[in-house]
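Colleague: Sharing query_8.txt, compact mmCIF, C-alpha atoms:
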# COMPACT_ATOMS: atom_id res chain seq x y z
CA MET A 202 -10.95 -35.17 -17.19
CA PRO A 203 -7.57 -36.20 -15.76
CA GLY A 204 -4.98 -33.44 -15.77
CA ALA A 205 -1.46 -33.53 -17.20
CA GLY A 206 0.10 -34.48 -13.90
CA GLU A 207 -2.40 -37.15 -12.96
CA GLY A 208 -2.45 -40.85 -13.65
CA ARG A 209 -0.75 -41.75 -10.38
CA GLY A 210 -1.98 -44.03 -7.60
CA ASP A 211 -5.57 -44.67 -6.54
CA PRO A 212 -7.95 -42.79 -8.89
CA GLY A 213 -10.10 -41.77 -5.93
CA LEU A 214 -7.20 -40.26 -4.02
CA ARG A 215 -6.10 -38.20 -7.02
CA ALA A 216 -9.12 -35.98 -6.44
CA LEU A 217 -7.76 -34.80 -3.08
CA VAL A 218 -6.33 -31.34 -3.71
CA GLY A 219 -2.76 -30.96 -2.53
CA VAL A 220 -2.26 -34.67 -1.87
CA THR A 221 0.59 -36.36 -3.74
CA VAL A 222 0.09 -40.09 -4.08
CA PRO A 223 3.25 -42.09 -4.86
CA PHE A 224 3.02 -44.17 -8.00
CA ARG A 225 2.47 -47.87 -7.34
CA TRP A 226 1.93 -50.51 -9.99
CA ALA A 227 -0.27 -52.30 -7.51
CA ASP A 228 -2.79 -49.48 -8.02
CA GLN A 229 -2.78 -49.73 -11.82
CA ARG A 230 -4.83 -51.66 -14.33
CA VAL A 231 -3.19 -51.63 -17.77
CA LEU A 232 -4.66 -52.23 -21.21
CA LEU A 233 -1.58 -53.38 -23.15
CA THR A 234 -2.17 -53.38 -26.90
CA GLY A 235 0.28 -55.50 -28.85
CA GLY A 236 0.97 -57.39 -25.64
CA SER A 237 1.35 -60.72 -27.41
CA GLY A 238 4.01 -59.39 -29.77
CA PHE A 239 7.80 -59.31 -29.73
CA LEU A 240 8.07 -56.21 -27.50
CA GLY A 241 4.72 -56.60 -25.76
CA ARG A 242 5.57 -59.90 -24.10
CA VAL A 243 8.64 -58.36 -22.48
CA VAL A 244 6.70 -55.28 -21.36
CA GLU A 245 4.02 -57.51 -19.84
CA ALA A 246 6.66 -59.51 -17.94
CA LYS A 247 8.17 -56.33 -16.55
CA LEU A 248 4.78 -55.02 -15.45
CA LYS A 249 4.07 -58.30 -13.66
CA SER A 250 7.46 -58.23 -11.96
CA ARG A 251 6.65 -54.77 -10.63
CA GLY A 252 3.35 -55.98 -9.15
CA CYS A 253 0.90 -54.45 -11.63
CA ALA A 254 -2.59 -55.17 -10.33
CA GLY A 255 -4.08 -56.18 -13.65
CA ILE A 256 -2.91 -56.43 -17.25
CA VAL A 257 -5.35 -56.97 -20.10
CA VAL A 258 -3.96 -57.86 -23.53
CA PRO A 259 -6.61 -57.55 -26.27
CA ARG A 260 -6.10 -60.23 -28.92
CA SER A 261 -6.51 -59.16 -32.53
CA LYS A 262 -8.76 -62.14 -33.27
CA GLU A 263 -11.16 -60.98 -30.56
CA ARG A 264 -10.77 -57.18 -30.67
CA ASP A 265 -10.02 -55.44 -33.96
CA LEU A 266 -8.64 -52.11 -32.75
CA ARG A 267 -9.25 -50.55 -36.17
CA GLU A 268 -12.97 -50.61 -35.32
CA VAL A 269 -14.17 -48.00 -32.86
CA ASP A 270 -16.82 -50.21 -31.31
CA GLN A 271 -14.20 -52.87 -30.63
CA VAL A 272 -11.96 -50.29 -28.95
CA ARG A 273 -14.86 -49.19 -26.74
CA ARG A 274 -15.57 -52.80 -25.76
CA ALA A 275 -11.91 -53.46 -24.97
CA LEU A 276 -11.73 -50.41 -22.70
CA GLY A 277 -15.10 -51.18 -21.12
CA GLU A 278 -14.12 -54.74 -20.29
CA ALA A 279 -10.62 -53.91 -19.01
CA ARG A 280 -11.54 -50.72 -17.10
CA PRO A 281 -7.90 -49.64 -17.12
CA THR A 282 -6.24 -46.73 -15.37
CA MET A 283 -3.56 -46.73 -18.09
CA VAL A 284 -3.24 -47.69 -21.74
CA ILE A 285 0.15 -48.72 -23.15
CA HIS A 286 -0.23 -48.77 -26.93
CA LEU A 287 2.34 -51.01 -28.63
CA ALA A 288 0.16 -52.55 -31.34
CA ALA A 289 1.37 -51.80 -34.86
CA VAL A 290 1.36 -53.17 -38.36
CA VAL A 291 5.06 -53.12 -39.09
CA GLY A 292 7.83 -54.69 -41.16
CA GLY A 293 11.15 -54.10 -42.89
CA ILE A 294 11.84 -52.12 -46.05
CA GLY A 295 10.29 -54.75 -48.32
CA ALA A 296 7.06 -54.95 -46.33
CA ASN A 297 6.80 -51.15 -46.19
CA ARG A 298 7.22 -50.88 -49.95
CA ALA A 299 4.62 -53.57 -50.60
CA ASN A 300 1.96 -52.30 -48.17
CA PRO A 301 2.12 -48.48 -47.88
CA GLY A 302 -1.66 -48.03 -47.80
CA ARG A 303 -2.27 -50.74 -45.23
CA PHE A 304 0.61 -49.57 -43.04
CA PHE A 305 -0.74 -46.01 -43.05
CA TYR A 306 -4.42 -46.80 -42.50
CA ASP A 307 -4.13 -49.57 -39.92
CA ASN A 308 -1.63 -47.72 -37.74
CA ALA A 309 -3.34 -44.33 -37.99
CA VAL A 310 -6.86 -45.55 -37.31
CA MET A 311 -5.83 -47.74 -34.36
CA GLY A 312 -4.13 -44.81 -32.68
CA ILE A 313 -6.88 -42.30 -33.38
CA HIS A 314 -9.61 -44.56 -31.99
CA LEU A 315 -7.62 -45.61 -28.93
CA VAL A 316 -6.68 -42.09 -27.87
CA GLU A 317 -10.17 -40.68 -28.40
CA GLU A 318 -11.93 -43.51 -26.62
CA ALA A 319 -9.41 -43.49 -23.77
CA ARG A 320 -10.07 -39.77 -23.33
CA ARG A 321 -13.82 -40.30 -23.37
CA ALA A 322 -13.48 -43.13 -20.82
CA GLY A 323 -11.47 -40.94 -18.44
CA ILE A 324 -8.28 -43.02 -18.61
CA ALA A 325 -5.64 -41.43 -16.39
CA LYS A 326 -2.62 -42.02 -18.63
CA PHE A 327 -1.89 -43.06 -22.21
CA VAL A 328 1.57 -44.29 -23.23
CA ALA A 329 2.06 -44.26 -27.00
CA VAL A 330 5.03 -45.99 -28.56
CA GLY A 331 5.90 -44.46 -31.92
CA THR A 332 8.81 -45.16 -34.25
CA VAL A 333 12.15 -43.77 -35.36
CA CYS A 334 10.68 -43.89 -38.89
CA ALA A 335 8.81 -40.70 -37.99
CA TYR A 336 12.04 -38.69 -38.30
CA PRO A 337 12.87 -36.81 -41.52
CA LYS A 338 15.04 -38.63 -44.03
CA MET A 339 17.94 -36.20 -43.69
CA THR A 340 17.80 -35.52 -39.95
CA PRO A 341 21.17 -34.38 -38.51
CA VAL A 342 22.84 -37.12 -36.46
CA PRO A 343 22.25 -37.71 -33.61
CA PHE A 344 18.48 -37.34 -34.04
CA ARG A 345 17.10 -34.85 -31.51
CA GLU A 346 13.42 -34.73 -30.67
CA ASP A 347 13.30 -31.05 -31.68
CA ASP A 348 14.18 -32.07 -35.27
CA LEU A 349 11.13 -34.28 -35.67
CA TRP A 350 9.34 -31.80 -37.93
CA THR A 351 12.22 -30.49 -40.07
CA GLY A 352 11.45 -32.60 -43.16
CA TYR A 353 9.69 -35.58 -44.75
CA PRO A 354 10.50 -39.15 -43.65
CA GLU A 355 12.44 -41.63 -45.80
CA GLU A 356 10.10 -42.57 -48.63
CA THR A 357 9.97 -46.35 -48.20
CA ASN A 358 8.60 -46.13 -44.66
CA ALA A 359 6.98 -42.67 -44.67
CA PRO A 360 3.36 -43.94 -44.58
CA TYR A 361 4.06 -46.01 -41.47
CA GLY A 362 6.21 -43.32 -39.84
CA LEU A 363 3.68 -40.55 -40.46
CA ALA A 364 0.75 -42.66 -39.25
CA LYS A 365 2.50 -43.25 -35.94
CA LYS A 366 3.63 -39.61 -35.80
CA MET A 367 0.02 -38.48 -35.89
CA LEU A 368 -0.36 -40.02 -32.44
CA LEU A 369 2.02 -37.36 -31.12
CA VAL A 370 -0.06 -34.62 -32.75
CA GLN A 371 -3.27 -36.07 -31.31
CA LEU A 372 -1.86 -36.48 -27.80
CA GLN A 373 -0.45 -32.95 -27.71
CA ALA A 374 -3.74 -31.54 -28.98
CA TYR A 375 -5.70 -33.51 -26.39
CA ARG A 376 -3.34 -32.38 -23.65
CA ALA A 377 -3.91 -28.75 -24.66
CA GLN A 378 -7.71 -28.97 -24.97
CA TYR A 379 -8.71 -31.68 -22.49
CA GLY A 380 -5.79 -32.02 -20.08
CA PHE A 381 -5.35 -35.61 -21.28
CA ASN A 382 -2.15 -37.16 -19.94
CA GLY A 383 -0.61 -38.85 -22.97
CA ILE A 384 3.11 -39.42 -23.49
CA TYR A 385 4.93 -40.34 -26.70
CA LEU A 386 8.08 -42.44 -27.05
CA LEU A 387 10.31 -42.88 -30.11
CA PRO A 388 12.23 -46.17 -30.03
CA VAL A 389 14.89 -47.07 -32.58
CA ASN A 390 15.05 -50.43 -34.35
CA LEU A 391 14.58 -53.23 -31.82
CA TYR A 392 16.16 -56.66 -31.81
CA GLY A 393 16.39 -59.71 -29.57
CA PRO A 394 15.07 -63.23 -29.00
CA ASN A 395 11.57 -64.07 -30.27
CA ASP A 396 11.62 -61.49 -33.06
CA SER A 397 9.84 -62.26 -36.34
CA LEU A 398 11.80 -64.48 -38.71
CA ASP A 399 9.52 -64.06 -41.72
CA LEU A 400 11.90 -63.04 -44.51
CA GLU A 401 9.09 -61.13 -46.25
CA THR A 402 8.29 -58.85 -43.32
CA ASN A 403 11.06 -58.93 -40.73
CA HIS A 404 13.72 -56.37 -39.89
CA VAL A 405 17.41 -56.38 -40.71
CA ILE A 406 18.89 -58.18 -37.69
CA PRO A 407 16.59 -61.24 -37.62
CA ALA A 408 16.77 -61.42 -41.42
CA LEU A 409 20.59 -61.43 -41.41
CA ILE A 410 20.83 -63.87 -38.52
CA ARG A 411 18.51 -66.29 -40.24
CA LYS A 412 20.33 -66.05 -43.58
CA ILE A 413 23.82 -66.34 -42.09
CA VAL A 414 23.09 -69.16 -39.61
CA ASP A 415 21.28 -71.12 -42.30
CA ALA A 416 24.18 -70.54 -44.73
CA LYS A 417 26.65 -71.73 -42.10
CA GLU A 418 24.68 -74.92 -41.50
CA ALA A 419 24.28 -75.57 -45.23
CA ASN A 420 27.92 -74.72 -46.06
CA ALA A 421 26.62 -72.16 -48.56
CA PRO A 422 29.39 -70.16 -50.28
CA SER A 423 27.63 -66.78 -49.96
CA VAL A 424 24.68 -64.89 -48.49
CA PRO A 425 22.58 -62.26 -50.32
CA ALA A 426 22.04 -58.88 -48.63
CA TRP A 427 19.94 -55.87 -49.60
CA GLY A 428 21.43 -52.54 -50.64
CA THR A 429 25.02 -51.37 -50.43
CA GLY A 430 25.57 -51.86 -46.71
CA LYS A 431 26.57 -48.20 -46.33
CA ALA A 432 23.46 -47.09 -44.39
CA SER A 433 23.78 -46.99 -40.61
CA ARG A 434 21.32 -48.01 -37.93
CA GLU A 435 21.03 -47.85 -34.17
CA PHE A 436 19.62 -50.90 -32.42
CA LEU A 437 18.03 -51.30 -29.00
CA TYR A 438 17.79 -54.67 -27.25
CA VAL A 439 14.16 -55.57 -26.60
CA ASP A 440 14.61 -55.92 -22.84
CA ASP A 441 16.09 -52.41 -22.67
CA ALA A 442 13.24 -51.01 -24.77
CA ALA A 443 10.66 -52.58 -22.45
CA GLU A 444 12.43 -51.14 -19.41
CA GLY A 445 12.38 -47.68 -20.98
CA ILE A 446 8.65 -47.91 -21.68
CA VAL A 447 7.85 -49.03 -18.14
CA LEU A 448 10.05 -46.33 -16.60
CA ALA A 449 8.33 -43.68 -18.72
CA ALA A 450 4.93 -45.02 -17.67
CA GLU A 451 6.00 -44.72 -14.03
CA ARG A 452 7.86 -41.42 -14.06
CA TYR A 453 7.09 -39.25 -17.10
CA ASP A 454 4.01 -37.10 -17.58
CA GLY A 455 5.24 -34.55 -20.11
CA GLY A 456 3.99 -33.63 -23.55
CA ASP A 457 7.39 -33.66 -25.29
CA PRO A 458 8.31 -36.73 -27.36
CA VAL A 459 11.21 -38.78 -25.98
CA ASN A 460 13.72 -40.95 -27.85
CA LEU A 461 14.47 -44.47 -26.64
CA GLY A 462 17.76 -45.82 -27.90
CA ALA A 463 21.29 -46.93 -27.14
CA GLY A 464 23.00 -43.85 -28.56
CA ALA A 465 25.34 -45.63 -31.01
CA GLU A 466 25.13 -46.56 -34.69
CA ILE A 467 26.65 -49.25 -36.92
CA THR A 468 26.64 -49.59 -40.70
CA ILE A 469 24.70 -52.47 -42.16
CA ARG A 470 27.93 -53.74 -43.72
CA ASP A 471 29.70 -53.81 -40.34
CA LEU A 472 26.62 -55.37 -38.73
CA THR A 473 26.65 -58.14 -41.32
CA HIS A 474 30.33 -58.88 -40.74
CA LEU A 475 29.79 -58.89 -36.96
CA ILE A 476 26.99 -61.44 -37.26
CA CYS A 477 29.20 -63.56 -39.54
CA GLU A 478 31.93 -63.43 -36.89
CA LEU A 479 29.58 -64.43 -34.06
CA VAL A 480 28.06 -67.22 -36.14
CA GLY A 481 31.43 -68.44 -37.42
CA TYR A 482 30.43 -68.06 -41.05
CA THR A 483 33.34 -67.47 -43.46
CA GLY A 484 31.49 -67.30 -46.78
CA GLY A 485 30.93 -64.17 -48.84
CA ILE A 486 28.26 -61.47 -48.72
CA VAL A 487 26.69 -60.55 -52.06
CA TRP A 488 25.25 -57.04 -51.87
CA ASP A 489 22.35 -56.12 -54.16
CA PRO A 490 22.53 -52.36 -54.87
CA THR A 491 19.24 -52.52 -56.79
CA LYS A 492 17.52 -52.89 -53.41
CA PRO A 493 17.01 -49.75 -51.28
CA ASP A 494 19.23 -48.84 -48.34
CA GLY A 495 16.46 -46.89 -46.66
CA GLN A 496 17.29 -43.88 -44.51
CA PRO A 497 21.03 -43.06 -44.82
CA ARG A 498 21.75 -42.87 -41.07
CA ARG A 499 19.91 -43.45 -37.80
CA CYS A 500 21.30 -42.62 -34.41
CA LEU A 501 19.43 -40.94 -31.56
CA ASP A 502 20.27 -38.34 -28.98
CA VAL A 503 19.15 -40.23 -25.88
CA SER A 504 19.79 -37.53 -23.28
CA ARG A 505 16.14 -36.57 -22.79
CA ALA A 506 15.13 -40.09 -21.67
CA LYS A 507 17.89 -40.06 -19.07
CA GLU A 508 16.95 -36.59 -17.84
CA ARG A 509 13.16 -37.08 -17.76
CA PHE A 510 12.84 -40.61 -16.37
CA GLY A 511 16.29 -42.08 -15.82
CA PHE A 512 16.47 -44.48 -18.76
CA VAL A 513 19.86 -45.69 -20.02
CA ALA A 514 20.22 -48.78 -22.24
CA LYS A 515 22.39 -51.41 -20.53
CA THR A 516 22.83 -54.31 -22.97
CA PRO A 517 26.11 -54.18 -24.97
CA PHE A 518 25.34 -54.64 -28.66
CA ARG A 519 27.67 -57.59 -29.19
CA GLU A 520 26.15 -59.36 -26.17
CA GLY A 521 22.60 -58.73 -27.35
CA LEU A 522 23.43 -60.09 -30.80
CA ALA A 523 25.02 -63.19 -29.30
CA ARG A 524 21.88 -63.84 -27.23
CA THR A 525 19.69 -63.41 -30.31
CA ILE A 526 21.82 -65.79 -32.36
CA ALA A 527 21.77 -68.35 -29.54
CA TRP A 528 17.97 -68.10 -29.43
CA TYR A 529 17.71 -68.71 -33.17
CA ARG A 530 20.02 -71.70 -33.01
CA SER A 531 18.14 -73.21 -30.07
CA ARG A 532 14.77 -73.20 -31.81
CA PRO A 533 13.22 -76.62 -32.49
CA ALA A 534 13.75 -78.04 -35.95
CA GLY A 535 11.01 -76.91 -38.29
CA ALA A 536 9.91 -73.99 -36.07
CA PRO A 537 8.59 -70.98 -38.04
Could I get this structure in the form of structure tokens?

Modeller:
Amino acid sequence: MPGAGEGRGDPGLRALVGVTVPFRWADQRVLLTGGSGFLGRVVEAKLKSRGCAGIVVPRSKERDLREVDQVRRALGEARPTMVIHLAAVVGGIGANRANPGRFFYDNAVMGIHLVEEARRAGIAKFVAVGTVCAYPKMTPVPFREDDLWTGYPEETNAPYGLAKKMLLVQLQAYRAQYGFNGIYLLPVNLYGPNDSLDLETNHVIPALIRKIVDAKEANAPSVPAWGTGKASREFLYVDDAAEGIVLAAERYDGGDPVNLGAGAEITIRDLTHLICELVGYTGGIVWDPTKPDGQPRRCLDVSRAKERFGFVAKTPFREGLARTIAWYRSRPAGAP
């Protein structure tokens, strides 16, 4: 089985004792789960720009990754040297509250099957992308990777967060027993163009942008918003997140989890006012305190990503929001 430091260059050359083969994307074949999604499309573009030899994106209509035989077929057809696992069943607070069983089962079983079958197939490297929801509800700010196991996650997204967290347990266990080279990344909330705009399932930034832009265009006097606005969140622009994932795939072979973030937080209330400013909306915001705020604060310590593989987020938050708003406004009339 591949060792912890393997997964680099030509698989045949890795067997030469004492020979270090520089990493080249031209030598890699990647199975990219979730490659047709919001983050996956940007990761795929970055892999192509780096000259990746082959990228296979299994479509959910053709390969149900919750079924072990479908996972085996996907790996057998792609014959990858690396798996980058982005696929997830995910949503905002409302979707998490409505679907706790589905969010736990679908995310847990996908990860368990993929890691086991990748190990059995001799895949050189597995890159698992987890979630900030895995952190305990009352984690000291900034969140450090060593605090990941100090408590239970925030209740509304605990099933999803724990399902994805089990991937870390599995990868560390497989590293210890089989020498399987699996790494685990913890991104914060992502945002950017092409995010989901479904008000039943989307996250806070696309939801607010949609509500506020639509209110501006309709001359609506106010916009409803969940919670009190006092909770804080950290946000990472999708292009930065994709760059961090690709850098980790290139340069990191360790067993420790690694945060991916921008290292700064903003309250939901301040975020809402900032979007109103960028949109030019002057109406009111009607907060609904009967709706949950979710985790009180989220902000990551991002020093490990810089130390281990040189990742630093580069997109200023105001600039990223402006780009996302411009994307929403440029969509064709009637687009979903």

Colleague: Which residue out of A:Phe381, A:Tyr392, A:Phe436, A:Phe224 has the minimum interatomic distance to Leu501 of chain A when only C-alpha atoms are used?

Modeller: A:Phe436

Colleague: Measuring atom to atom with all atoms listed in the file, identify which of A:Arg470, A:Lys417, A:Arg499, A:Arg260 is nearest to Leu437 of chain A.

Modeller: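 Nearest to Leu437 of chain A: A:Arg499.
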
Colleague: Restricting the calculation to only C-alpha atoms: of A:Gln371, A:Arg345, A:Ala450, A:Thr429, which residue gets closest to Arg505 of chain A?

Modeller: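 The shortest atom-to-atom distance to Arg505 of chain A comes from A:Arg345.
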
Colleague: Quick one: everything within 6 Å of Phe305 of chain A, counting only C-alpha atoms, minus sequence neighbours fewer than 6 positions away in the same chain. Send it as a list in words.

Modeller: Pro360, Tyr361 and Ala364 of chain A

Colleague: Which is closest to Lys366 of chain A among A:Val257, A:Thr491, A:Gln378, A:Val330, if we use all atoms listed in the file?

Modeller: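 So, comparing all the options, the nearest one is A:Val330.
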
Colleague: Could you give me, as an NGL selection string, the residues within 12 Å of Thr525 of chain A, counting all atoms listed in the file and dropping anything in the same chain fewer than 6 positions from it?

Modeller: :A and (391-398 or 406-411 or 414 or 438-440 or 476 or 479-480 or 518-519 or 531-532)

Colleague: Between atom CA of Ser237 of chain A and atom CA of Leu287 of chain A, what distance in Å does the model show, to one decimal?

Modeller: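 One can read the atom CA of Ser237 of chain A to atom CA of Leu287 of chain A distance as 9.8 Å.
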
Colleague: Suppose you want the space between atom CA of Gly312 of chain A and atom CA of Phe510 of chain A; what is it in Å?

Modeller: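 Distance reported for this atom pair: 23.9 Å.
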
Colleague: Would you compute the distance between atom CA of Cys334 of chain A and atom CA of Val459 of chain A? Give it in Å to one decimal.

Modeller: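 Distance between the two atoms: 13.9 Å.
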
Colleague: Need the neighbours of (5.3, -56.6, -27.3): which residues are at most 10 Å away, counting all atoms listed in the file, as number ranges by chain?

Modeller: A: 233-246, 286-289, 396, 439, 443

Colleague: Let me see the file: selected residues, C-alpha atoms, as a PDB file, in the frame of the given file.

Modeller:
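This went into selection_0.pdb:
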ATOM      1  CA  LEU A 233      -1.580 -53.380 -23.150  1.00  0.00           C
ATOM      2  CA  THR A 234      -2.170 -53.380 -26.900  1.00  0.00           C
ATOM      3  CA  GLY A 235       0.280 -55.500 -28.850  1.00  0.00           C
ATOM      4  CA  GLY A 236       0.970 -57.390 -25.640  1.00  0.00           C
ATOM      5  CA  SER A 237       1.350 -60.720 -27.410  1.00  0.00           C
ATOM      6  CA  GLY A 238       4.010 -59.390 -29.770  1.00  0.00           C
ATOM      7  CA  PHE A 239       7.800 -59.310 -29.730  1.00  0.00           C
ATOM      8  CA  LEU A 240       8.070 -56.210 -27.500  1.00  0.00           C
ATOM      9  CA  GLY A 241       4.720 -56.600 -25.760  1.00  0.00           C
ATOM     10  CA  ARG A 242       5.570 -59.900 -24.100  1.00  0.00           C
ATOM     11  CA  VAL A 243       8.640 -58.360 -22.480  1.00  0.00           C
ATOM     12  CA  VAL A 244       6.700 -55.280 -21.360  1.00  0.00           C
ATOM     13  CA  GLU A 245       4.020 -57.510 -19.840  1.00  0.00           C
ATOM     14  CA  ALA A 246       6.660 -59.510 -17.940  1.00  0.00           C
ATOM     15  CA  HIS A 286      -0.230 -48.770 -26.930  1.00  0.00           C
ATOM     16  CA  LEU A 287       2.340 -51.010 -28.630  1.00  0.00           C
ATOM     17  CA  ALA A 288       0.160 -52.550 -31.340  1.00  0.00           C
ATOM     18  CA  ALA A 289       1.370 -51.800 -34.860  1.00  0.00           C
ATOM     19  CA  ASP A 396      11.620 -61.490 -33.060  1.00  0.00           C
ATOM     20  CA  VAL A 439      14.160 -55.570 -26.600  1.00  0.00           C
ATOM     21  CA  ALA A 443      10.660 -52.580 -22.450  1.00  0.00           C
TER      22      ALA A 443
END

Colleague: Extending 8 Å beyond the listed atoms of segment 439-457 of chain A on each side, what axis-aligned box results? I want centre and edge lengths in Å to one decimal, as AutoDock Vina command-line options.

Modeller:
--center_x 10.0 --center_y -44.8 --center_z -20.3 --size_x 28.1 --size_y 38.3 --size_z 28.6

Colleague: May I ask which of the residues A:Thr357, A:Asn382, A:Thr468, A:Gln229 is the closest one to Ala299 of chain A, counting all atoms listed in the file?

Modeller: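 That would be A:Thr357, the residue with the smallest distance to Ala299 of chain A.
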
Colleague: Given the choices A:Pro341, A:Gly255, A:Gly462, A:Pro533, which gets closest to Glu444 of chain A if the distance is worked out from only C-alpha atoms?

Modeller: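 That would be A:Gly462, the residue with the smallest distance to Glu444 of chain A.
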
Colleague: Which residues are near Val370 of chain A? Cut-off 12 Å, all atoms listed in the file, ignore same chain within fewer than 2 positions. Put them as number ranges by chain.

Modeller: A: 309, 312-313, 316, 329, 331, 335, 349-350, 363-368, 372-377, 383-385, 456-458

Colleague: Using only C-alpha atoms, please write the residues we just selected to a file, as a PDB file, keeping the file's coordinate frame.

Modeller:
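So part-v3.pdb came out as:
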ATOM      1  CA  ALA A 309      -3.340 -44.330 -37.990  1.00  0.00           C
ATOM      2  CA  GLY A 312      -4.130 -44.810 -32.680  1.00  0.00           C
ATOM      3  CA  ILE A 313      -6.880 -42.300 -33.380  1.00  0.00           C
ATOM      4  CA  VAL A 316      -6.680 -42.090 -27.870  1.00  0.00           C
ATOM      5  CA  ALA A 329       2.060 -44.260 -27.000  1.00  0.00           C
ATOM      6  CA  GLY A 331       5.900 -44.460 -31.920  1.00  0.00           C
ATOM      7  CA  ALA A 335       8.810 -40.700 -37.990  1.00  0.00           C
ATOM      8  CA  LEU A 349      11.130 -34.280 -35.670  1.00  0.00           C
ATOM      9  CA  TRP A 350       9.340 -31.800 -37.930  1.00  0.00           C
ATOM     10  CA  LEU A 363       3.680 -40.550 -40.460  1.00  0.00           C
ATOM     11  CA  ALA A 364       0.750 -42.660 -39.250  1.00  0.00           C
ATOM     12  CA  LYS A 365       2.500 -43.250 -35.940  1.00  0.00           C
ATOM     13  CA  LYS A 366       3.630 -39.610 -35.800  1.00  0.00           C
ATOM     14  CA  MET A 367       0.020 -38.480 -35.890  1.00  0.00           C
ATOM     15  CA  LEU A 368      -0.360 -40.020 -32.440  1.00  0.00           C
ATOM     16  CA  LEU A 372      -1.860 -36.480 -27.800  1.00  0.00           C
ATOM     17  CA  GLN A 373      -0.450 -32.950 -27.710  1.00  0.00           C
ATOM     18  CA  ALA A 374      -3.740 -31.540 -28.980  1.00  0.00           C
ATOM     19  CA  TYR A 375      -5.700 -33.510 -26.390  1.00  0.00           C
ATOM     20  CA  ARG A 376      -3.340 -32.380 -23.650  1.00  0.00           C
ATOM     21  CA  ALA A 377      -3.910 -28.750 -24.660  1.00  0.00           C
ATOM     22  CA  GLY A 383      -0.610 -38.850 -22.970  1.00  0.00           C
ATOM     23  CA  ILE A 384       3.110 -39.420 -23.490  1.00  0.00           C
ATOM     24  CA  TYR A 385       4.930 -40.340 -26.700  1.00  0.00           C
ATOM     25  CA  GLY A 456       3.990 -33.630 -23.550  1.00  0.00           C
ATOM     26  CA  ASP A 457       7.390 -33.660 -25.290  1.00  0.00           C
ATOM     27  CA  PRO A 458       8.310 -36.730 -27.360  1.00  0.00           C
TER      28      PRO A 458
END

Colleague: If you count all atoms listed in the file, which residues fall within 9 Å of Met283 of chain A, apart from same-chain ones fewer than 2 positions away, as a list in words?

Modeller: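 Everything that qualifies: Gly208, Gln229, Arg230, Val231, Leu232, Leu233, Arg280, Pro281, Ile285, Ala319, Ile324, Ala325, Lys326, Phe327, Val328 and Ala450 of chain A.
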
Colleague: Could those selected residues go to a file with C-alpha atoms, as a compact mmCIF listing (two decimals), in the frame of the given file?

Modeller:
# COMPACT_ATOMS: atom_id res chain seq x y z
CA GLY A 208 -2.45 -40.85 -13.65
CA GLN A 229 -2.78 -49.73 -11.82
CA ARG A 230 -4.83 -51.66 -14.33
CA VAL A 231 -3.19 -51.63 -17.77
CA LEU A 232 -4.66 -52.23 -21.21
CA LEU A 233 -1.58 -53.38 -23.15
CA ARG A 280 -11.54 -50.72 -17.10
CA PRO A 281 -7.90 -49.64 -17.12
CA ILE A 285 0.15 -48.72 -23.15
CA ALA A 319 -9.41 -43.49 -23.77
CA ILE A 324 -8.28 -43.02 -18.61
CA ALA A 325 -5.64 -41.43 -16.39
CA LYS A 326 -2.62 -42.02 -18.63
CA PHE A 327 -1.89 -43.06 -22.21
CA VAL A 328 1.57 -44.29 -23.23
CA ALA A 450 4.93 -45.02 -17.67

Colleague: Please check which residues have atoms at most 10 Å from (8.8, -31.4, -18.1) in the file's coordinates, counting all atoms listed in the file, and write them as a list in words.

Modeller: Tyr453, Asp454, Gly455, Gly456, Asp457, Glu508 and Arg509 of chain A

Colleague: Those selected residues, please, written with C-alpha atoms and delivered as a PDB file, in the frame of the given file.

Modeller:
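As a result, result_21.pdb now contains:
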ATOM      1  CA  TYR A 453       7.090 -39.250 -17.100  1.00  0.00           C
ATOM      2  CA  ASP A 454       4.010 -37.100 -17.580  1.00  0.00           C
ATOM      3  CA  GLY A 455       5.240 -34.550 -20.110  1.00  0.00           C
ATOM      4  CA  GLY A 456       3.990 -33.630 -23.550  1.00  0.00           C
ATOM      5  CA  ASP A 457       7.390 -33.660 -25.290  1.00  0.00           C
ATOM      6  CA  GLU A 508      16.950 -36.590 -17.840  1.00  0.00           C
ATOM      7  CA  ARG A 509      13.160 -37.080 -17.760  1.00  0.00           C
TER       8      ARG A 509
END
